[in-house]
$ cat query-v1.pdb   # PDB, C-alpha atoms
ATOM      1  CA  MET A   1      -7.102  -7.471  16.321  1.00  0.00           C
ATOM      2  CA  GLN A   2      -6.264  -8.640  12.808  1.00  0.00           C
ATOM      3  CA  ILE A   3      -3.006  -7.367  11.300  1.00  0.00           C
ATOM      4  CA  PHE A   4      -3.481  -5.830   7.851  1.00  0.00           C
ATOM      5  CA  ALA A   5      -0.803  -6.480   5.213  1.00  0.00           C
ATOM      6  CA  ARG A   6      -0.529  -3.221   3.293  1.00  0.00           C
ATOM      7  CA  ARG A   7       0.376  -3.253  -0.389  1.00  0.00           C
ATOM      8  CA  ALA A   8      -1.331  -0.136  -1.767  1.00  0.00           C
ATOM      9  CA  GLU A   9      -0.140   3.465  -1.430  1.00  0.00           C
ATOM     10  CA  TRP A  10      -1.826   6.292   0.440  1.00  0.00           C
ATOM     11  CA  ILE A  11      -2.690   9.107  -1.963  1.00  0.00           C
ATOM     12  CA  TRP A  12      -3.892  12.700  -1.807  1.00  0.00           C
ATOM     13  CA  ARG A  13      -3.938  15.851  -3.866  1.00  0.00           C
ATOM     14  CA  GLN A  14      -0.662  17.238  -5.218  1.00  0.00           C
ATOM     15  CA  ARG A  15       0.521  19.572  -2.476  1.00  0.00           C
ATOM     16  CA  GLY A  16       4.254  18.827  -2.253  1.00  0.00           C
ATOM     17  CA  LEU A  17       4.849  16.561   0.736  1.00  0.00           C
ATOM     18  CA  ALA A  18       7.832  17.899   2.718  1.00  0.00           C
ATOM     19  CA  PRO A  19       8.424  15.296   5.445  1.00  0.00           C
ATOM     20  CA  ALA A  20      10.145  16.220   8.683  1.00  0.00           C
ATOM     21  CA  PRO A  21      12.916  13.984  10.114  1.00  0.00           C
ATOM     22  CA  PHE A  22      11.835  10.723  11.738  1.00  0.00           C
ATOM     23  CA  GLY A  23      10.613  11.249  15.310  1.00  0.00           C
ATOM     24  CA  THR A  24       9.335  14.757  14.599  1.00  0.00           C
ATOM     25  CA  ALA A  25       6.129  16.126  13.097  1.00  0.00           C
ATOM     26  CA  ASN A  26       5.387  18.418  10.197  1.00  0.00           C
ATOM     27  CA  PRO A  27       3.739  21.728  11.123  1.00  0.00           C
ATOM     28  CA  ARG A  28      -0.034  21.711  10.868  1.00  0.00           C
ATOM     29  CA  LEU A  29      -1.125  23.240   7.550  1.00  0.00           C
ATOM     30  CA  ALA A  30      -4.100  25.543   7.987  1.00  0.00           C
ATOM     31  CA  ALA A  31      -4.622  25.550   4.213  1.00  0.00           C
ATOM     32  CA  GLU A  32      -5.413  21.815   4.314  1.00  0.00           C
ATOM     33  CA  THR A  33      -8.359  21.970   6.719  1.00  0.00           C
ATOM     34  CA  ASN A  34     -11.913  21.131   5.653  1.00  0.00           C
ATOM     35  CA  ARG A  35     -11.001  20.019   2.141  1.00  0.00           C
ATOM     36  CA  TYR A  36     -13.006  17.640  -0.091  1.00  0.00           C
ATOM     37  CA  ILE A  37     -11.407  15.567  -2.864  1.00  0.00           C
ATOM     38  CA  TYR A  38     -12.997  13.354  -5.528  1.00  0.00           C
ATOM     39  CA  PHE A  39     -11.117  10.197  -6.585  1.00  0.00           C
ATOM     40  CA  ARG A  40     -11.739   7.801  -9.498  1.00  0.00           C
ATOM     41  CA  ARG A  41     -10.239   4.565 -10.844  1.00  0.00           C
ATOM     42  CA  SER A  42     -11.596   3.140 -14.110  1.00  0.00           C
ATOM     43  CA  PHE A  43     -11.088  -0.476 -15.188  1.00  0.00           C
ATOM     44  CA  THR A  44     -12.523  -3.096 -17.533  1.00  0.00           C
ATOM     45  CA  ILE A  45     -13.954  -6.539 -16.793  1.00  0.00           C
ATOM     46  CA  ALA A  46     -14.034  -9.004 -19.678  1.00  0.00           C
ATOM     47  CA  ALA A  47     -14.197 -12.343 -17.824  1.00  0.00           C
ATOM     48  CA  ASP A  48     -16.151 -14.048 -15.041  1.00  0.00           C
ATOM     49  CA  VAL A  49     -15.256 -12.644 -11.610  1.00  0.00           C
ATOM     50  CA  THR A  50     -14.473 -14.875  -8.617  1.00  0.00           C
ATOM     51  CA  THR A  51     -13.151 -12.458  -5.942  1.00  0.00           C
ATOM     52  CA  THR A  52     -13.796  -8.735  -5.523  1.00  0.00           C
ATOM     53  CA  GLN A  53     -12.697  -7.733  -2.034  1.00  0.00           C
ATOM     54  CA  VAL A  54     -11.459  -4.202  -1.331  1.00  0.00           C
ATOM     55  CA  SER A  55     -10.128  -2.625   1.875  1.00  0.00           C
ATOM     56  CA  VAL A  56     -10.607   1.121   2.312  1.00  0.00           C
ATOM     57  CA  SER A  57      -9.513   3.846   4.724  1.00  0.00           C
ATOM     58  CA  ALA A  58      -8.898   7.587   4.828  1.00  0.00           C
ATOM     59  CA  ASP A  59      -7.029  10.262   6.738  1.00  0.00           C
ATOM     60  CA  GLY A  60     -10.393  11.858   7.396  1.00  0.00           C
ATOM     61  CA  ARG A  61     -13.664  10.337   6.168  1.00  0.00           C
ATOM     62  CA  TYR A  62     -14.591   8.689   2.875  1.00  0.00           C
ATOM     63  CA  GLN A  63     -17.690   7.728   0.914  1.00  0.00           C
ATOM     64  CA  LEU A  64     -17.165   4.865  -1.552  1.00  0.00           C
ATOM     65  CA  PHE A  65     -19.087   4.277  -4.795  1.00  0.00           C
ATOM     66  CA  VAL A  66     -18.886   1.658  -7.548  1.00  0.00           C
ATOM     67  CA  ASN A  67     -20.502   2.428 -10.906  1.00  0.00           C
ATOM     68  CA  GLY A  68     -22.471   5.262  -9.337  1.00  0.00           C
ATOM     69  CA  ARG A  69     -23.874   3.171  -6.488  1.00  0.00           C
ATOM     70  CA  PHE A  70     -23.099   3.871  -2.834  1.00  0.00           C
ATOM     71  CA  VAL A  71     -21.050   1.095  -1.168  1.00  0.00           C
ATOM     72  CA  GLY A  72     -20.076   2.427   2.271  1.00  0.00           C
ATOM     73  CA  ARG A  73     -18.438   5.115   4.375  1.00  0.00           C
ATOM     74  CA  GLY A  74     -15.801   5.306   7.087  1.00  0.00           C
ATOM     75  CA  PRO A  75     -13.463   4.829   8.771  1.00  0.00           C
ATOM     76  CA  ALA A  76     -14.456   4.777  12.421  1.00  0.00           C
ATOM     77  CA  ARG A  77     -12.640   7.316  14.584  1.00  0.00           C
ATOM     78  CA  CYS A  78      -9.168   5.935  15.259  1.00  0.00           C
ATOM     79  CA  ASN A  79      -5.569   6.813  16.038  1.00  0.00           C
ATOM     80  CA  PRO A  80      -3.228   6.688  13.017  1.00  0.00           C
ATOM     81  CA  ALA A  81      -1.002   4.280  14.952  1.00  0.00           C
ATOM     82  CA  ARG A  82      -3.930   1.826  14.781  1.00  0.00           C
ATOM     83  CA  GLN A  83      -5.675   2.944  11.613  1.00  0.00           C
ATOM     84  CA  CYS A  84      -9.106   1.420  10.939  1.00  0.00           C
ATOM     85  CA  VAL A  85      -9.644  -0.262   7.560  1.00  0.00           C
ATOM     86  CA  ASP A  86     -13.073  -1.236   6.181  1.00  0.00           C
ATOM     87  CA  SER A  87     -13.588  -4.243   3.893  1.00  0.00           C
ATOM     88  CA  TYR A  88     -16.240  -4.565   1.183  1.00  0.00           C
ATOM     89  CA  ASP A  89     -17.256  -7.162  -1.371  1.00  0.00           C
ATOM     90  CA  ILE A  90     -17.986  -5.072  -4.461  1.00  0.00           C
ATOM     91  CA  ALA A  91     -19.146  -7.972  -6.668  1.00  0.00           C
ATOM     92  CA  PRO A  92     -22.830  -6.880  -6.586  1.00  0.00           C
ATOM     93  CA  TYR A  93     -21.865  -3.498  -8.054  1.00  0.00           C
ATOM     94  CA  LEU A  94     -19.673  -4.662 -10.952  1.00  0.00           C
ATOM     95  CA  GLN A  95     -20.669  -5.219 -14.563  1.00  0.00           C
ATOM     96  CA  SER A  96     -19.159  -6.682 -17.704  1.00  0.00           C
ATOM     97  CA  GLY A  97     -17.187  -4.061 -19.608  1.00  0.00           C
ATOM     98  CA  SER A  98     -16.333  -0.623 -18.198  1.00  0.00           C
ATOM     99  CA  ASN A  99     -16.393  -0.025 -14.425  1.00  0.00           C
ATOM    100  CA  VAL A 100     -15.323   2.715 -12.051  1.00  0.00           C
ATOM    101  CA  ILE A 101     -14.566   2.996  -8.338  1.00  0.00           C
ATOM    102  CA  ALA A 102     -15.122   6.520  -7.027  1.00  0.00           C
ATOM    103  CA  ALA A 103     -14.642   8.099  -3.613  1.00  0.00           C
ATOM    104  CA  LEU A 104     -15.347  11.411  -1.941  1.00  0.00           C
ATOM    105  CA  VAL A 105     -12.844  12.074   0.856  1.00  0.00           C
ATOM    106  CA  HIS A 106     -13.138  14.812   3.477  1.00  0.00           C
ATOM    107  CA  SER A 107     -10.002  16.037   5.264  1.00  0.00           C
ATOM    108  CA  TYR A 108     -10.732  17.670   8.627  1.00  0.00           C
ATOM    109  CA  GLY A 109      -7.213  18.850   9.433  1.00  0.00           C
ATOM    110  CA  ARG A 110      -8.109  19.303  13.105  1.00  0.00           C
ATOM    111  CA  HIS A 111      -9.573  17.324  16.006  1.00  0.00           C
ATOM    112  CA  THR A 112     -13.303  16.633  15.792  1.00  0.00           C
ATOM    113  CA  ALA A 113     -15.689  14.081  17.257  1.00  0.00           C
ATOM    114  CA  TRP A 114     -15.044  11.971  14.128  1.00  0.00           C
ATOM    115  CA  TYR A 115     -11.319  12.487  13.632  1.00  0.00           C
ATOM    116  CA  GLU A 116      -8.133  12.405  15.708  1.00  0.00           C
ATOM    117  CA  LEU A 117      -5.083  14.269  14.440  1.00  0.00           C
ATOM    118  CA  PRO A 118      -1.850  12.259  14.227  1.00  0.00           C
ATOM    119  CA  THR A 119       1.157  13.127  16.368  1.00  0.00           C
ATOM    120  CA  MET A 120       4.934  12.759  16.057  1.00  0.00           C
ATOM    121  CA  GLU A 121       6.149  10.491  13.229  1.00  0.00           C
ATOM    122  CA  HIS A 122       2.612   9.751  12.027  1.00  0.00           C
ATOM    123  CA  ALA A 123       2.177  13.475  11.350  1.00  0.00           C
ATOM    124  CA  ARG A 124       5.029  13.406   8.833  1.00  0.00           C
ATOM    125  CA  ALA A 125       2.635  12.172   6.139  1.00  0.00           C
ATOM    126  CA  PHE A 126      -0.835  12.340   7.696  1.00  0.00           C
ATOM    127  CA  GLY A 127      -3.081  14.980   9.211  1.00  0.00           C
ATOM    128  CA  CYS A 128      -3.781  16.866   5.987  1.00  0.00           C
ATOM    129  CA  GLY A 129      -5.857  14.259   4.170  1.00  0.00           C
ATOM    130  CA  GLY A 130      -5.290  10.899   2.507  1.00  0.00           C
ATOM    131  CA  PHE A 131      -7.111   8.038   0.804  1.00  0.00           C
ATOM    132  CA  PHE A 132      -6.318   4.318   0.726  1.00  0.00           C
ATOM    133  CA  LEU A 133      -7.855   1.424  -1.174  1.00  0.00           C
ATOM    134  CA  GLN A 134      -6.363  -2.030  -1.564  1.00  0.00           C
ATOM    135  CA  GLY A 135      -8.082  -4.769  -3.484  1.00  0.00           C
ATOM    136  CA  GLU A 136      -8.274  -6.793  -6.610  1.00  0.00           C
ATOM    137  CA  VAL A 137     -10.691  -8.412  -8.991  1.00  0.00           C
ATOM    138  CA  SER A 138      -9.883 -12.087  -9.570  1.00  0.00           C
ATOM    139  CA  PHE A 139     -11.110 -13.828 -12.701  1.00  0.00           C
ATOM    140  CA  GLU A 140     -12.345 -17.355 -13.221  1.00  0.00           C
ATOM    141  CA  ASN A 141     -10.541 -17.462 -16.556  1.00  0.00           C
ATOM    142  CA  ALA A 142      -7.423 -15.581 -17.581  1.00  0.00           C
ATOM    143  CA  HIS A 143      -7.885 -11.849 -18.094  1.00  0.00           C
ATOM    144  CA  PRO A 144      -7.271 -10.585 -21.646  1.00  0.00           C
ATOM    145  CA  ILE A 145      -3.861  -9.292 -20.545  1.00  0.00           C
ATOM    146  CA  ASN A 146      -3.013 -12.799 -19.326  1.00  0.00           C
ATOM    147  CA  SER A 147      -3.342 -11.948 -15.653  1.00  0.00           C
ATOM    148  CA  PRO A 148      -5.650 -13.906 -13.313  1.00  0.00           C
ATOM    149  CA  SER A 149      -6.406 -10.740 -11.333  1.00  0.00           C
ATOM    150  CA  LEU A 150      -6.550  -6.966 -11.617  1.00  0.00           C
ATOM    151  CA  HIS A 151      -5.242  -4.786  -8.791  1.00  0.00           C
ATOM    152  CA  LEU A 152      -7.314  -1.725  -7.933  1.00  0.00           C
ATOM    153  CA  ASP A 153      -4.857  -0.319  -5.359  1.00  0.00           C
ATOM    154  CA  THR A 154      -4.592   3.437  -4.861  1.00  0.00           C
ATOM    155  CA  GLY A 155      -1.603   4.837  -6.736  1.00  0.00           C
ATOM    156  CA  LYS A 156      -0.767   6.687  -9.939  1.00  0.00           C
ATOM    157  CA  GLU A 157      -3.521   4.940 -11.921  1.00  0.00           C
ATOM    158  CA  TRP A 158      -6.102   6.850  -9.885  1.00  0.00           C
ATOM    159  CA  ARG A 159      -7.237  10.396 -10.704  1.00  0.00           C
ATOM    160  CA  TYR A 160      -8.443  13.190  -8.433  1.00  0.00           C
ATOM    161  CA  LEU A 161     -10.200  16.540  -8.491  1.00  0.00           C
ATOM    162  CA  GLU A 162     -10.451  19.099  -5.702  1.00  0.00           C
ATOM    163  CA  SER A 163     -14.060  19.932  -4.941  1.00  0.00           C
ATOM    164  CA  ALA A 164     -15.237  23.527  -5.101  1.00  0.00           C
ATOM    165  CA  ALA A 165     -18.747  22.661  -3.935  1.00  0.00           C
ATOM    166  CA  TRP A 166     -18.099  22.926  -0.187  1.00  0.00           C
ATOM    167  CA  GLN A 167     -17.316  26.228   1.516  1.00  0.00           C
ATOM    168  CA  ARG A 168     -13.997  25.580   3.252  1.00  0.00           C
ATOM    169  CA  ASP A 169     -14.149  28.450   5.780  1.00  0.00           C
ATOM    170  CA  ALA A 170     -17.363  27.089   7.294  1.00  0.00           C
ATOM    171  CA  PRO A 171     -17.816  27.213  11.095  1.00  0.00           C
ATOM    172  CA  ASN A 172     -16.445  24.279  13.065  1.00  0.00           C
ATOM    173  CA  GLY A 173     -18.168  22.891  16.140  1.00  0.00           C
ATOM    174  CA  SER A 174     -17.309  19.964  18.398  1.00  0.00           C
ATOM    175  CA  LEU A 175     -18.914  17.519  15.931  1.00  0.00           C
ATOM    176  CA  GLY A 176     -17.041  18.911  12.932  1.00  0.00           C
ATOM    177  CA  TYR A 177     -17.463  21.500  10.214  1.00  0.00           C
ATOM    178  CA  VAL A 178     -20.865  22.790   9.198  1.00  0.00           C
ATOM    179  CA  GLU A 179     -21.504  21.750   5.595  1.00  0.00           C
ATOM    180  CA  ILE A 180     -22.209  24.698   3.307  1.00  0.00           C
ATOM    181  CA  TYR A 181     -22.673  23.051  -0.071  1.00  0.00           C
ATOM    182  CA  ASP A 182     -23.365  24.466  -3.539  1.00  0.00           C
ATOM    183  CA  ALA A 183     -24.421  21.602  -5.839  1.00  0.00           C
ATOM    184  CA  ARG A 184     -23.955  23.831  -8.896  1.00  0.00           C
ATOM    185  CA  ARG A 185     -20.185  23.645  -8.340  1.00  0.00           C
ATOM    186  CA  ALA A 186     -20.027  19.840  -8.157  1.00  0.00           C
ATOM    187  CA  PRO A 187     -19.111  17.869 -11.316  1.00  0.00           C
ATOM    188  CA  GLU A 188     -22.324  16.205 -12.449  1.00  0.00           C
ATOM    189  CA  GLY A 189     -22.098  12.428 -12.703  1.00  0.00           C
ATOM    190  CA  TRP A 190     -18.567  12.180 -11.281  1.00  0.00           C
ATOM    191  CA  ARG A 191     -19.392   8.763  -9.728  1.00  0.00           C
ATOM    192  CA  ASP A 192     -20.578   7.278 -13.033  1.00  0.00           C
ATOM    193  CA  VAL A 193     -18.753   5.034 -15.510  1.00  0.00           C
ATOM    194  CA  ASP A 194     -19.171   7.324 -18.519  1.00  0.00           C
ATOM    195  CA  PHE A 195     -17.908  10.469 -16.748  1.00  0.00           C
ATOM    196  CA  ASP A 196     -14.903  12.064 -18.497  1.00  0.00           C
ATOM    197  CA  ASP A 197     -12.067  12.426 -15.963  1.00  0.00           C
ATOM    198  CA  SER A 198      -9.333  12.977 -18.572  1.00  0.00           C
ATOM    199  CA  GLU A 199      -8.574  16.429 -17.158  1.00  0.00           C
ATOM    200  CA  TRP A 200      -8.297  15.205 -13.574  1.00  0.00           C
ATOM    201  CA  GLN A 201      -4.809  15.004 -12.063  1.00  0.00           C
ATOM    202  CA  LYS A 202      -2.632  12.137 -10.889  1.00  0.00           C
ATOM    203  CA  PRO A 203      -2.462  12.020  -7.067  1.00  0.00           C
ATOM    204  CA  GLU A 204       0.558  12.476  -4.838  1.00  0.00           C
ATOM    205  CA  ILE A 205       1.884   9.364  -3.096  1.00  0.00           C
ATOM    206  CA  LEU A 206       2.066   9.909   0.688  1.00  0.00           C
ATOM    207  CA  ARG A 207       5.334   8.134   1.377  1.00  0.00           C
ATOM    208  CA  VAL A 208       8.130   9.231   3.729  1.00  0.00           C
ATOM    209  CA  ALA A 209      11.419   7.660   4.803  1.00  0.00           C
ATOM    210  CA  GLY A 210      11.480   5.414   7.867  1.00  0.00           C
ATOM    211  CA  ARG A 211      13.739   5.443  10.910  1.00  0.00           C
ATOM    212  CA  ASN A 212      16.780   4.322   8.899  1.00  0.00           C
ATOM    213  CA  GLY A 213      16.036   6.527   5.929  1.00  0.00           C
ATOM    214  CA  ALA A 214      14.546   3.716   3.837  1.00  0.00           C
TER     215      ALA A 214
END
$ encode --input "query-v1.pdb" --output "structure tokens"
Amino acid sequence: MQIFARRAEWIWRQRGLAPAPFGTANPRLAAETNRYIYFRRSFTIAADVTTTQVSVSADGRYQLFVNGRFVGRGPARCNPARQCVDSYDIAPYLQSGSNVIAALVHSYGRHTAWYELPTMEHARAFGCGGFFLQGEVSFENAHPINSPSLHLDTGKEWRYLESAAWQRDAPNGSLGYVEIYDARRAPEGWRDVDFDDSEWQKPEILRVAGRNGA
């Protein structure tokens, strides 16, 4: 098993993370079950690209898009102590000028065939949804801001919107929630480069203190 060196932050909607002491778990939040969140990160490419690798995961399930095109989905069912991370080369989806990475993330908030709830210290930050992307675009020549690469990591530069298109009190079976979806309530073109996300919010960083309080 390859060890993943994490640099990016886990993010989610602004809900006010109130972490429990180390070694204990936060109470399960019924209000956070079966929730869908849209995420976006816009950026500009003005030089030849050499490397475009991104690593993606979610506390739940994600669908990843670049410039409106579907890239992949995941992660595989896993325990948060050994979280699965998926890697993609997004070079075929990029273009000169404006670009956007977009994701739709589904938080289950309960055990399903596709998702395992965290326990103990892992439940201090996870179990109610989260999204993670770590990656960068490296340039053959210096970027206009004099940097040889551009980080795309999840953090405050991302934006999110809670989806109202899915009915959250849908029945739940052993395979997961039934999807009751109203496309009229989804923001049209939210995966596209020219979509206006100026009214979307900055995400919350899912970060809690460790064993020694650091």
$ closest_residue --input "query-v1.pdb" --among "A:Val71, A:Ala170, A:Ala47, A:Ala102" --to "Phe195 (chain A)" --atoms "all atoms listed in the file"
A:Ala102
$ atom_distance --input "query-v1.pdb" --atom1 "CA of Arg110 (chain A)" --atom2 "CA of Gly127 (chain A)"
7.7 Å
$ resolve_selection --input "query-v1.pdb" --expression "the PyMOL selection byres ((chain A and resi 87) around 9)" --output "list in words"
Gln53, Val54, Ser55, Val56, Val85, Asp86, Tyr88 and Asp89 of chain A
$ write_last_selection --input "query-v1.pdb" --atoms "C-alpha atoms" --output "compact mmCIF listing (two decimals), in the coordinates of the input"
# COMPACT_ATOMS: atom_id res chain seq x y z
CA GLN A 53 -12.70 -7.73 -2.03
CA VAL A 54 -11.46 -4.20 -1.33
CA SER A 55 -10.13 -2.62 1.88
CA VAL A 56 -10.61 1.12 2.31
CA VAL A 85 -9.64 -0.26 7.56
CA ASP A 86 -13.07 -1.24 6.18
CA TYR A 88 -16.24 -4.57 1.18
CA ASP A 89 -17.26 -7.16 -1.37
$ residues_around --input "query-v1.pdb" --residues "Arg61 (chain A)" --least-positions-apart "4" --cutoff "7 Å" --atoms "only C-alpha atoms" --output "VMD selection string"
chain A and resid 74 to 75 105 to 107
$ atom_distance --input "query-v1.pdb" --atom1 "CA of Val137 (chain A)" --atom2 "CA of Ala8 (chain A)"
14.4 Å
$ residues_around --input "query-v1.pdb" --residues "Arg159 (chain A)" --least-positions-apart "6" --cutoff "9 Å" --atoms "only C-alpha atoms" --output "CSV table (one decimal) with C-alpha atoms, keeping the file's coordinate frame"
chain,number,residue,atom,x,y,z
A,38,TYR,CA,-13.0,13.4,-5.5
A,39,PHE,CA,-11.1,10.2,-6.6
A,40,ARG,CA,-11.7,7.8,-9.5
A,41,ARG,CA,-10.2,4.6,-10.8
A,197,ASP,CA,-12.1,12.4,-16.0
A,198,SER,CA,-9.3,13.0,-18.6
A,199,GLU,CA,-8.6,16.4,-17.2
A,200,TRP,CA,-8.3,15.2,-13.6
A,201,GLN,CA,-4.8,15.0,-12.1
A,202,LYS,CA,-2.6,12.1,-10.9
A,203,PRO,CA,-2.5,12.0,-7.1
$ resolve_selection --input "query-v1.pdb" --expression "the PyMOL selection byres ((chain A and resi 98) around 6)" --output "ChimeraX atom specification"
/A:44,97,99
$ atom_distance --input "query-v1.pdb" --atom1 "CA of Arg69 (chain A)" --atom2 "CA of Glu9 (chain A)"
24.3 Å
$ closest_residue --input "query-v1.pdb" --among "A:Ala123, A:Ala76, A:Leu94, A:Ile37" --to "Ala186 (chain A)" --atoms "only C-alpha atoms"
A:Ile37
